[in-house]
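Okay, structure first, notes after.
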Amino acid sequence: MATPIVRRNDSQPSNSNAPTKTNSLPLVTRRLAAWTAEITLVAASGLIPFGLGAYANSRSDLNRVPLNPILVVTERAIAQPLALPVSYGIPNVAWPTNYLWMLALIAPVTLSWWQLYLLAKTGSTLPKRWFGVRVVNDQGKAPGLGAAIAREGVGRLSVPVSIAYILWRYSFAFPNLGLFTFLAVLMVLGESVALSSRQGRRALHDWLAGTEAIDAKGQNRRSALVKTGEPEAQAASENSLAPMSATDTKLPTLWRRMRQNSNLALFAVTLASMSAVLAALIGTQVYIQKQQTQRETSQINSQKFLELVKQLSPNSGTSLEERQSAVLAMGGLNDIQSMQFLADLLVNETNPVLLDSIQQALTTVGIPAIPELKNKNQFLANELQSAAPQERESWQKRLQLNQQTINKILNVYSGKINGLDLTRTTLSQTSTNGSPLFNLVLEKIDLSGLKLKAADLNQASFKGSRFRSMGEDGRWDTFDDAIADLTQVQMKQANLTDANLSRVLLTGSDLSRATLNRANLESARLIGANLSSAQLVGADLRNAVLENASLTGADLGDAKLNEANLYAARLGRVIAIGTQLSFANLTKTDWQGADLSGAYLDRANLSNANLRASRLTGAVLRSAQLENADLRNADLSFADLRGANVAGADFKDTIIAPSKQDPADQFVETPDTGTVSAVVKGVDFSQAKNLDAKQLAYICTQGGIHPRCP
């Protein structure tokens with residue numbers, strides 16, 4: 001009896017091989033979806049901890065520590081190519097922020113390498129498995145680590161992003177970061193989709209790595225059919241490998257292509273070799289000629305130098321005019337030994353006529369003479385401090401001559417001093433026995449990029465000068481801006497009226513009693529700076545960092561401090577009439593006895609601030625954070641508190657009810673707050689402290705909120 005033969009209907013696939021809804025999409029679509037998921041995972045691993053770190057940094061109740069040096073270096077490395085403004089100095093952040101931002105730096109790198117490892121060993125990452133995509137080499141196997149790096153790191157990202165960067169950097173779009181991001185995404189998508197969507201073509205990253213993205217489910221079904229002995233599947237499998245020999249499949253992709261185009265490859269190698277040999281010969285000849293010229297020039301200058309030294313010898317018998325000519329000629333040599341000799345001669349010479357010639361010669365040398373003058377300056381300043389009383393006048397005169405020479409060079413060569421180092425140089429007024437004072441006057445000149453760290457510039461005048469300028473790209477706020485370093489500088493009583501100090505580093509500097517009226521200090525770093533009794537009328541301090549700075553007794557009238565960071569700053573007895581402090585961080589600041597009449601403090605953070613006995617008449621405090629603020633004996637009459645958070649604020653003896661304005665105070669223009677009843681309308685005083693019966697009566701009648709209100 002014949003056994004019946006049962007055949008499976010091909011039109012009814014088994015459940016194991018049934019395509020899912022995702023895998024029914026075109027391969028190009030699934031490849032793009034898998035790549036998008038990979039990028040999203042990497043981005044999320046960095047953005048989530050970064051966002052948490054930013055939130056922690058905004059909290060006022062967390063201790064602040066310097067930013068981790070690794071993060072500082074990373075920030076600068078990213079800012080430079082993207083034309084972002086570099087945050088000079090090491091800012092203070094909340095202590096959890098350091099750990100979270102380090103995680104935001106490490107997590108994406110770790111996840112990227114893990115995905116590369118999976119791709120190299122299995123041909124798929126987790127997103128590629130979800131979408132049924134697998135990457136294989138010409139042998140149908142996993143590509144390996146080298147090919148994976150070439151595919152993802154070089155072909156998919158480096159090449160298209162580099163092209164986008166070049167187009168952006170040298171076009172009208174620079175330095176718009178949004179346009180660069182759009183252009184980079186467009187290039188990456190174009191490289192991934194444009195070629196691979198065409199029949200028989202591979203994208204650049206697959207071509208470089210010798211790989212191909214295939215349908216993983218389809219490959220698994222073909223492999224299963226081959227194992228079960230289906231003849232069509234075996235033939236298809238054999239035909240797919242037939243055009244390539246076993247030897248060819250073992251060769252790297254680039255070498256295999258060179259073998260296929262041997263004539264072109266030989267020509268390219270020959271041309272490259274000839275070019276390299278020719279460049280080496282020309283370079284060697286130029287180097288030899290340059291060295292020979294330098295040796296000859298050095299020998300001639302040495303001979304001239306020795307002759308000039310003989311003429312300047314006290315026993316040479318030369319006239320004063322001849323010695324003057326010799327000094328000026330030595331300034332023209334412009335070599336290190338002549339500079340050292342002139343700097344020494346400036347210290348030891350006593351003839352006034354010859355001293356003028358020496359200063360003129362050093363000024364002719366210019367910026368290269370500054371290092372020698374700086375060394376002599378520090379030596380003379382130390383000697384002046386330790387000299388006996390009868391010798392101080394002599395040392396002071398020598399120091400003043402040195403200071404005058406430096407001053408002349410800076411005036412003559414202003415704008416060309418970017419990177420010039422005058423660290424710890426003494427350029428302040430020094431006076432003994434009523435002798436003439438030296439005045440450093442560098443007004444209305446370009447001092448961009450000048451390094452004056454810990455220099456002594458007391459009573460100097462920089463009126464109208466700028467300490468920051470655009471770099472070669474001709475644009476502000478980019479990585480090549482020339483910005484002066486004034487860290488820990490001594491500038492007591494200095495005149496900086498109308499000076500441009502935007503983004504300048506002034507951490508720990510002493511600017512007490514300095515005049516900074518209308519100065520541009522936008523985004524400047526003044527952490528721990530001393531601005532006591534300084535004049536800052538109309539100054540621009542937007543986004544400036546003044547953490548732990550001292551502004552006691554300073555005049556901030558009409559100054560702009562919008563979004564500035566004054567965490568724990570000392571502002572006792574400050575005059576801040578009409579000052580703009582909107583969105584400023586004023587956490588833990590001390591304003592005791594300050595005058596903030598008519599100041600704009602809307603949405604400012606005044607948590608834990610000390611406002612005891614301060615005058616806030618007519619101040620705008622809309623939506624301000626006043627949690628746990630000390631408002632004892634403060635005058636809040638006519639202040640606008642709508643939307644403010646006053647939980648935990650101490651209102652003992654605080655004046656909140658409006659009183660008749662004193663005619664003597666009519667110069668204080670109170671802001672328009674609408675009707676008087678709107679000053680505290682809707683403000684929740686439920687958790688405020690030490691409210692008396694009179695204050696509660698006013699709050700309740702004017703629309704405030706409190707449990708004791710009827």
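All residue names refer to the structure tokens as shown: chains lettered A, B, ... in order, residues numbered from 1 in each chain, ligands numbered from 1 in order.
DSSP annotation of region 63-109 of chain A from backbone atoms: alpha helix (DSSP H) residues are Pro69, Ile70, Leu71, Val72, Val73, Thr74, Glu75, Arg76, Ala77, Ile78, Ala79, Trp95, Pro96, Thr97, Asn98, Tyr99, Leu100, Trp101, Met102, Leu103, Ala104, Leu105, Ile106, Ala107, Pro108 and Val109 of chain A.
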Take the residues from that selection and put them in a file with N, CA and C atoms, as a short mmCIF file (atom, residue, chain, number, x, y, z; two decimals), in the first residue's frame.
```cif
data_model
loop_
_atom_site.label_atom_id
_atom_site.label_comp_id
_atom_site.auth_asym_id
_atom_site.auth_seq_id
_atom_site.Cartn_x
_atom_site.Cartn_y
_atom_site.Cartn_z
N PRO A 69 38.71 69.00 36.24
CA PRO A 69 39.62 69.41 35.16
C PRO A 69 39.38 68.66 33.85
N ILE A 70 38.97 67.40 33.93
CA ILE A 70 38.69 66.64 32.71
C ILE A 70 37.53 67.29 31.94
N LEU A 71 36.53 67.74 32.68
CA LEU A 71 35.40 68.41 32.04
C LEU A 71 35.80 69.75 31.47
N VAL A 72 36.72 70.45 32.13
CA VAL A 72 37.20 71.73 31.62
C VAL A 72 37.91 71.54 30.29
N VAL A 73 38.81 70.53 30.23
CA VAL A 73 39.54 70.25 28.99
C VAL A 73 38.59 69.83 27.88
N THR A 74 37.61 69.00 28.23
CA THR A 74 36.63 68.55 27.24
C THR A 74 35.83 69.71 26.70
N GLU A 75 35.42 70.61 27.60
CA GLU A 75 34.65 71.78 27.17
C GLU A 75 35.43 72.62 26.17
N ARG A 76 36.70 72.85 26.45
CA ARG A 76 37.50 73.67 25.55
C ARG A 76 37.75 72.95 24.22
N ALA A 77 37.94 71.62 24.29
CA ALA A 77 38.18 70.86 23.06
C ALA A 77 36.96 70.89 22.14
N ILE A 78 35.76 70.91 22.74
CA ILE A 78 34.54 70.97 21.94
C ILE A 78 34.29 72.39 21.46
N ALA A 79 34.57 73.38 22.32
CA ALA A 79 34.26 74.77 21.98
C ALA A 79 35.12 75.29 20.84
N TRP A 95 28.23 69.91 43.92
CA TRP A 95 29.08 68.72 43.97
C TRP A 95 28.52 67.53 43.19
N PRO A 96 27.18 67.27 43.14
CA PRO A 96 26.73 66.13 42.32
C PRO A 96 26.93 66.36 40.83
N THR A 97 27.01 67.63 40.43
CA THR A 97 27.13 67.94 39.00
C THR A 97 28.40 67.36 38.41
N ASN A 98 29.49 67.41 39.16
CA ASN A 98 30.75 66.83 38.66
C ASN A 98 30.58 65.36 38.30
N TYR A 99 29.94 64.60 39.19
CA TYR A 99 29.77 63.16 38.93
C TYR A 99 28.80 62.90 37.79
N LEU A 100 27.71 63.65 37.74
CA LEU A 100 26.73 63.44 36.69
C LEU A 100 27.27 63.83 35.32
N TRP A 101 28.03 64.92 35.26
CA TRP A 101 28.59 65.34 33.97
C TRP A 101 29.73 64.42 33.53
N MET A 102 30.46 63.86 34.48
CA MET A 102 31.45 62.84 34.11
C MET A 102 30.76 61.62 33.53
N LEU A 103 29.61 61.23 34.14
CA LEU A 103 28.83 60.12 33.60
C LEU A 103 28.31 60.45 32.20
N ALA A 104 27.91 61.72 32.00
CA ALA A 104 27.45 62.14 30.67
C ALA A 104 28.56 62.09 29.64
N LEU A 105 29.80 62.15 30.09
CA LEU A 105 30.94 62.06 29.18
C LEU A 105 31.33 60.61 28.92
N ILE A 106 31.28 59.79 29.96
CA ILE A 106 31.75 58.40 29.85
C ILE A 106 30.70 57.49 29.21
N ALA A 107 29.42 57.69 29.58
CA ALA A 107 28.37 56.77 29.12
C ALA A 107 28.25 56.69 27.60
N PRO A 108 28.21 57.81 26.86
CA PRO A 108 28.10 57.68 25.39
C PRO A 108 29.31 56.99 24.76
N VAL A 109 30.51 57.27 25.30
CA VAL A 109 31.71 56.62 24.76
C VAL A 109 31.65 55.12 24.99
#
```
12 Å contact set for Gly178 (chain A), only C-alpha atoms, chain neighbours under 5 positions out, as a PDB file with all heavy atoms, in the first residue's frame:
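Writing done, so here's out22.pdb:
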```pdb
ATOM      1  N   LEU A  82      33.938  74.277  17.203  1.00  0.00           N
ATOM      2  CA  LEU A  82      32.561  74.689  16.955  1.00  0.00           C
ATOM      3  C   LEU A  82      32.349  76.183  17.139  1.00  0.00           C
ATOM      4  O   LEU A  82      31.222  76.665  17.105  1.00  0.00           O
ATOM      5  CB  LEU A  82      31.613  73.912  17.877  1.00  0.00           C
ATOM      6  CG  LEU A  82      31.531  72.407  17.630  1.00  0.00           C
ATOM      7  CD1 LEU A  82      30.559  71.767  18.591  1.00  0.00           C
ATOM      8  CD2 LEU A  82      31.141  72.105  16.188  1.00  0.00           C
ATOM      9  N   TRP A 168      30.547  74.515   6.306  1.00  0.00           N
ATOM     10  CA  TRP A 168      30.016  75.472   7.299  1.00  0.00           C
ATOM     11  C   TRP A 168      31.066  76.491   7.707  1.00  0.00           C
ATOM     12  O   TRP A 168      30.787  77.685   7.775  1.00  0.00           O
ATOM     13  CB  TRP A 168      29.524  74.684   8.513  1.00  0.00           C
ATOM     14  CG  TRP A 168      29.180  75.510   9.710  1.00  0.00           C
ATOM     15  CD1 TRP A 168      28.093  76.310   9.864  1.00  0.00           C
ATOM     16  CD2 TRP A 168      29.929  75.600  10.924  1.00  0.00           C
ATOM     17  NE1 TRP A 168      28.112  76.900  11.112  1.00  0.00           N
ATOM     18  CE2 TRP A 168      29.219  76.474  11.788  1.00  0.00           C
ATOM     19  CE3 TRP A 168      31.113  75.027  11.382  1.00  0.00           C
ATOM     20  CZ2 TRP A 168      29.679  76.783  13.071  1.00  0.00           C
ATOM     21  CZ3 TRP A 168      31.564  75.328  12.658  1.00  0.00           C
ATOM     22  CH2 TRP A 168      30.857  76.196  13.484  1.00  0.00           C
ATOM     23  N   ALA A 173      27.372  80.687   6.719  1.00  0.00           N
ATOM     24  CA  ALA A 173      26.665  80.091   7.853  1.00  0.00           C
ATOM     25  C   ALA A 173      27.457  80.151   9.151  1.00  0.00           C
ATOM     26  O   ALA A 173      26.892  80.082  10.237  1.00  0.00           O
ATOM     27  CB  ALA A 173      26.320  78.631   7.537  1.00  0.00           C
ATOM     28  N   LEU A 183      23.282  70.804   8.563  1.00  0.00           N
ATOM     29  CA  LEU A 183      24.105  70.372   7.435  1.00  0.00           C
ATOM     30  C   LEU A 183      24.754  69.019   7.726  1.00  0.00           C
ATOM     31  O   LEU A 183      24.839  68.155   6.838  1.00  0.00           O
ATOM     32  CB  LEU A 183      25.184  71.427   7.156  1.00  0.00           C
ATOM     33  CG  LEU A 183      25.970  71.290   5.847  1.00  0.00           C
ATOM     34  CD1 LEU A 183      25.035  71.332   4.657  1.00  0.00           C
ATOM     35  CD2 LEU A 183      27.009  72.398   5.746  1.00  0.00           C
ATOM     36  N   ALA A 184      25.215  68.806   8.974  1.00  0.00           N
ATOM     37  CA  ALA A 184      25.845  67.533   9.336  1.00  0.00           C
ATOM     38  C   ALA A 184      24.841  66.387   9.254  1.00  0.00           C
ATOM     39  O   ALA A 184      25.142  65.309   8.717  1.00  0.00           O
ATOM     40  CB  ALA A 184      26.439  67.633  10.738  1.00  0.00           C
ATOM     41  N   VAL A 185      23.636  66.604   9.778  1.00  0.00           N
ATOM     42  CA  VAL A 185      22.595  65.565   9.716  1.00  0.00           C
ATOM     43  C   VAL A 185      22.242  65.255   8.267  1.00  0.00           C
ATOM     44  O   VAL A 185      22.073  64.093   7.877  1.00  0.00           O
ATOM     45  CB  VAL A 185      21.351  66.012  10.511  1.00  0.00           C
ATOM     46  CG1 VAL A 185      20.187  65.043  10.276  1.00  0.00           C
ATOM     47  CG2 VAL A 185      21.671  66.101  11.992  1.00  0.00           C
TER      48      VAL A 185
END
```
Glu321 (chain A) environment, 12 Å, only C-alpha atoms, sequence neighbours closer than 5 positions dropped, as a PDB file with N, CA, C and O atoms, in the first residue's frame:
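Printed below is selection-v3.pdb as written:
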```
ATOM      1  N   GLN A 311      82.351 100.895  22.579  1.00  0.00           N
ATOM      2  CA  GLN A 311      82.064 102.327  22.528  1.00  0.00           C
ATOM      3  C   GLN A 311      81.327 102.809  23.783  1.00  0.00           C
ATOM      4  O   GLN A 311      81.470 103.961  24.191  1.00  0.00           O
ATOM      5  N   LEU A 312      80.545 101.913  24.389  1.00  0.00           N
ATOM      6  CA  LEU A 312      79.765 102.286  25.571  1.00  0.00           C
ATOM      7  C   LEU A 312      80.516 102.046  26.875  1.00  0.00           C
ATOM      8  O   LEU A 312      79.980 102.312  27.954  1.00  0.00           O
ATOM      9  N   ALA A 326      75.554 104.753  19.567  1.00  0.00           N
ATOM     10  CA  ALA A 326      75.834 103.337  19.812  1.00  0.00           C
ATOM     11  C   ALA A 326      74.629 102.641  20.446  1.00  0.00           C
ATOM     12  O   ALA A 326      74.289 101.496  20.097  1.00  0.00           O
ATOM     13  N   VAL A 327      73.975 103.332  21.396  1.00  0.00           N
ATOM     14  CA  VAL A 327      72.785 102.751  22.041  1.00  0.00           C
ATOM     15  C   VAL A 327      71.682 102.521  21.018  1.00  0.00           C
ATOM     16  O   VAL A 327      71.054 101.453  20.978  1.00  0.00           O
ATOM     17  N   LEU A 328      71.410 103.510  20.177  1.00  0.00           N
ATOM     18  CA  LEU A 328      70.357 103.375  19.174  1.00  0.00           C
ATOM     19  C   LEU A 328      70.697 102.288  18.156  1.00  0.00           C
ATOM     20  O   LEU A 328      69.808 101.552  17.700  1.00  0.00           O
ATOM     21  N   VAL A 353      70.264 112.012  29.636  1.00  0.00           N
ATOM     22  CA  VAL A 353      70.218 112.028  28.170  1.00  0.00           C
ATOM     23  C   VAL A 353      70.385 110.616  27.626  1.00  0.00           C
ATOM     24  O   VAL A 353      69.669 110.182  26.711  1.00  0.00           O
ATOM     25  N   LEU A 354      71.324 109.894  28.177  1.00  0.00           N
ATOM     26  CA  LEU A 354      71.575 108.533  27.715  1.00  0.00           C
ATOM     27  C   LEU A 354      70.417 107.603  28.096  1.00  0.00           C
ATOM     28  O   LEU A 354      70.092 106.674  27.348  1.00  0.00           O
ATOM     29  N   SER A 357      67.831 107.769  25.492  1.00  0.00           N
ATOM     30  CA  SER A 357      68.232 107.004  24.301  1.00  0.00           C
ATOM     31  C   SER A 357      68.027 105.508  24.512  1.00  0.00           C
ATOM     32  O   SER A 357      67.621 104.787  23.592  1.00  0.00           O
TER      33      SER A 357
END
```
Minimum-distance residue to Leu145 (chain A), chosen among A:Ser414, A:Gln360, A:Gln115, A:Gln702 (using only C-alpha atoms): A:Gln115
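Close contacts of Leu566 (chain A), defined as residues with an atom at most 10 Å away when counting only C-alpha atoms, with chain neighbours fewer than 5 positions off set aside, comprise Leu526, Ile527, Asn543, Ala544, Val545, Leu546, Glu547, Asn548, Ala549, Ser550, Leu561, Leu571, Ala584, Asn585, Leu586, Thr587, Lys588, Thr589 and Asn605 of chain A.
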Contact residues around Ser597 (chain A) with only C-alpha atoms at 7 Å, ignoring same-chain residues under 6 positions, as a PyMOL selection string: chain A and resi 577-578+615-619+668
Same residues, all heavy atoms, saved as a short mmCIF file (atom, residue, chain, number, x, y, z; two decimals), in the first residue's frame:
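Once everything was written out, this is result06.cif:
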```cif
data_model
loop_
_atom_site.label_atom_id
_atom_site.label_comp_id
_atom_site.auth_asym_id
_atom_site.auth_seq_id
_atom_site.Cartn_x
_atom_site.Cartn_y
_atom_site.Cartn_z
N ILE A 577 20.06 101.54 42.91
CA ILE A 577 18.82 102.21 42.50
C ILE A 577 18.59 101.98 41.00
O ILE A 577 19.43 102.33 40.17
CB ILE A 577 18.88 103.72 42.81
CG1 ILE A 577 19.07 103.95 44.31
CG2 ILE A 577 17.63 104.43 42.32
CD1 ILE A 577 19.31 105.39 44.69
N GLY A 578 17.46 101.36 40.68
CA GLY A 578 17.12 101.11 39.28
C GLY A 578 17.97 100.03 38.63
O GLY A 578 17.94 99.88 37.40
N ARG A 615 16.49 98.74 51.58
CA ARG A 615 15.41 99.55 51.05
C ARG A 615 15.01 99.01 49.68
O ARG A 615 15.79 99.06 48.74
CB ARG A 615 15.86 101.01 50.93
CG ARG A 615 14.72 101.95 50.58
CD ARG A 615 15.20 103.39 50.54
NE ARG A 615 14.09 104.31 50.33
CZ ARG A 615 14.23 105.61 50.15
NH1 ARG A 615 15.44 106.15 50.15
NH2 ARG A 615 13.17 106.38 49.97
N LEU A 616 13.77 98.50 49.60
CA LEU A 616 13.26 97.90 48.36
C LEU A 616 12.02 98.66 47.88
O LEU A 616 11.14 98.08 47.24
CB LEU A 616 12.93 96.43 48.60
CG LEU A 616 14.14 95.51 48.74
CD1 LEU A 616 13.81 94.30 49.59
CD2 LEU A 616 14.64 95.06 47.38
N THR A 617 11.94 99.94 48.17
CA THR A 617 10.80 100.74 47.77
C THR A 617 10.63 100.74 46.26
O THR A 617 11.55 101.09 45.51
CB THR A 617 10.98 102.19 48.26
OG1 THR A 617 11.20 102.19 49.67
CG2 THR A 617 9.75 103.02 47.94
N GLY A 618 9.46 100.31 45.82
CA GLY A 618 9.19 100.30 44.38
C GLY A 618 9.93 99.24 43.60
O GLY A 618 9.91 99.26 42.37
N ALA A 619 10.58 98.31 44.28
CA ALA A 619 11.31 97.25 43.58
C ALA A 619 10.33 96.27 42.93
O ALA A 619 9.24 96.02 43.45
CB ALA A 619 12.23 96.51 44.54
N VAL A 668 13.45 109.10 43.16
CA VAL A 668 13.31 107.66 43.00
C VAL A 668 12.00 107.40 42.27
O VAL A 668 10.92 107.59 42.82
CB VAL A 668 13.33 106.92 44.36
CG1 VAL A 668 13.15 105.44 44.14
CG2 VAL A 668 14.61 107.22 45.11
#
```
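In this structure, CA of Phe651 (chain A) sits 7.1 Å away from CA of Ala688 (chain A).
In this model, the gap between CA of Gln139 (chain A) and CA of His205 (chain A) comes to 17.3 Å.
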All residues 9 Å or closer to region 641-648 of chain A, only C-alpha atoms, same chain fewer than 3 positions away omitted, as a ChimeraX atom specification: /A:602-603,619-630,678-689
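One finds CA of Gly53 (chain A) at 25.5 Å from CA of Thr36 (chain A).
Residue nearest Lys376 (chain A), chosen from A:Leu52, A:Leu320, A:Val347, A:Val161 and counting only C-alpha atoms: A:Val347.
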Backbone DSSP call of strand (DSSP E) for region 406-577 of chain A, listed as a list of chain:residue names: A:Arg468, A:Ser469, A:Ala482, A:Ile483
Would you put the residues from that selection into a file with all heavy atoms, as a PDB file, in the first residue's frame?
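Resulting contents of result-v5.pdb:
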```
ATOM      1  N   ARG A 468      39.471  92.842  25.191  1.00  0.00           N
ATOM      2  CA  ARG A 468      38.956  91.723  24.403  1.00  0.00           C
ATOM      3  C   ARG A 468      38.705  92.199  22.989  1.00  0.00           C
ATOM      4  O   ARG A 468      38.243  93.315  22.767  1.00  0.00           O
ATOM      5  CB  ARG A 468      37.655  91.210  25.017  1.00  0.00           C
ATOM      6  CG  ARG A 468      36.975  90.112  24.210  1.00  0.00           C
ATOM      7  CD  ARG A 468      35.579  89.883  24.720  1.00  0.00           C
ATOM      8  NE  ARG A 468      34.867  88.945  23.881  1.00  0.00           N
ATOM      9  CZ  ARG A 468      33.571  88.997  23.641  1.00  0.00           C
ATOM     10  NH1 ARG A 468      32.848  89.938  24.175  1.00  0.00           N
ATOM     11  NH2 ARG A 468      32.990  88.101  22.859  1.00  0.00           N
ATOM     12  N   SER A 469      39.044  91.376  22.009  1.00  0.00           N
ATOM     13  CA  SER A 469      38.798  91.730  20.613  1.00  0.00           C
ATOM     14  C   SER A 469      38.505  90.472  19.806  1.00  0.00           C
ATOM     15  O   SER A 469      38.747  89.352  20.256  1.00  0.00           O
ATOM     16  CB  SER A 469      40.015  92.458  20.023  1.00  0.00           C
ATOM     17  OG  SER A 469      41.145  91.603  19.999  1.00  0.00           O
ATOM     18  N   ALA A 482      40.520  87.183  21.332  1.00  0.00           N
ATOM     19  CA  ALA A 482      41.674  87.515  22.178  1.00  0.00           C
ATOM     20  C   ALA A 482      41.159  88.140  23.472  1.00  0.00           C
ATOM     21  O   ALA A 482      40.575  89.228  23.453  1.00  0.00           O
ATOM     22  CB  ALA A 482      42.607  88.478  21.457  1.00  0.00           C
ATOM     23  N   ILE A 483      41.345  87.463  24.591  1.00  0.00           N
ATOM     24  CA  ILE A 483      40.794  87.889  25.872  1.00  0.00           C
ATOM     25  C   ILE A 483      41.917  87.980  26.896  1.00  0.00           C
ATOM     26  O   ILE A 483      42.719  87.060  27.046  1.00  0.00           O
ATOM     27  CB  ILE A 483      39.705  86.908  26.358  1.00  0.00           C
ATOM     28  CG1 ILE A 483      38.585  86.824  25.315  1.00  0.00           C
ATOM     29  CG2 ILE A 483      39.145  87.341  27.705  1.00  0.00           C
ATOM     30  CD1 ILE A 483      37.514  85.819  25.637  1.00  0.00           C
TER      31      ILE A 483
END
```
Within 7 Å of Gln429 (chain A) using only C-alpha atoms, minus same-chain residues under 5 positions, as a PyMOL selection string: chain A and resi 437-439+458-459
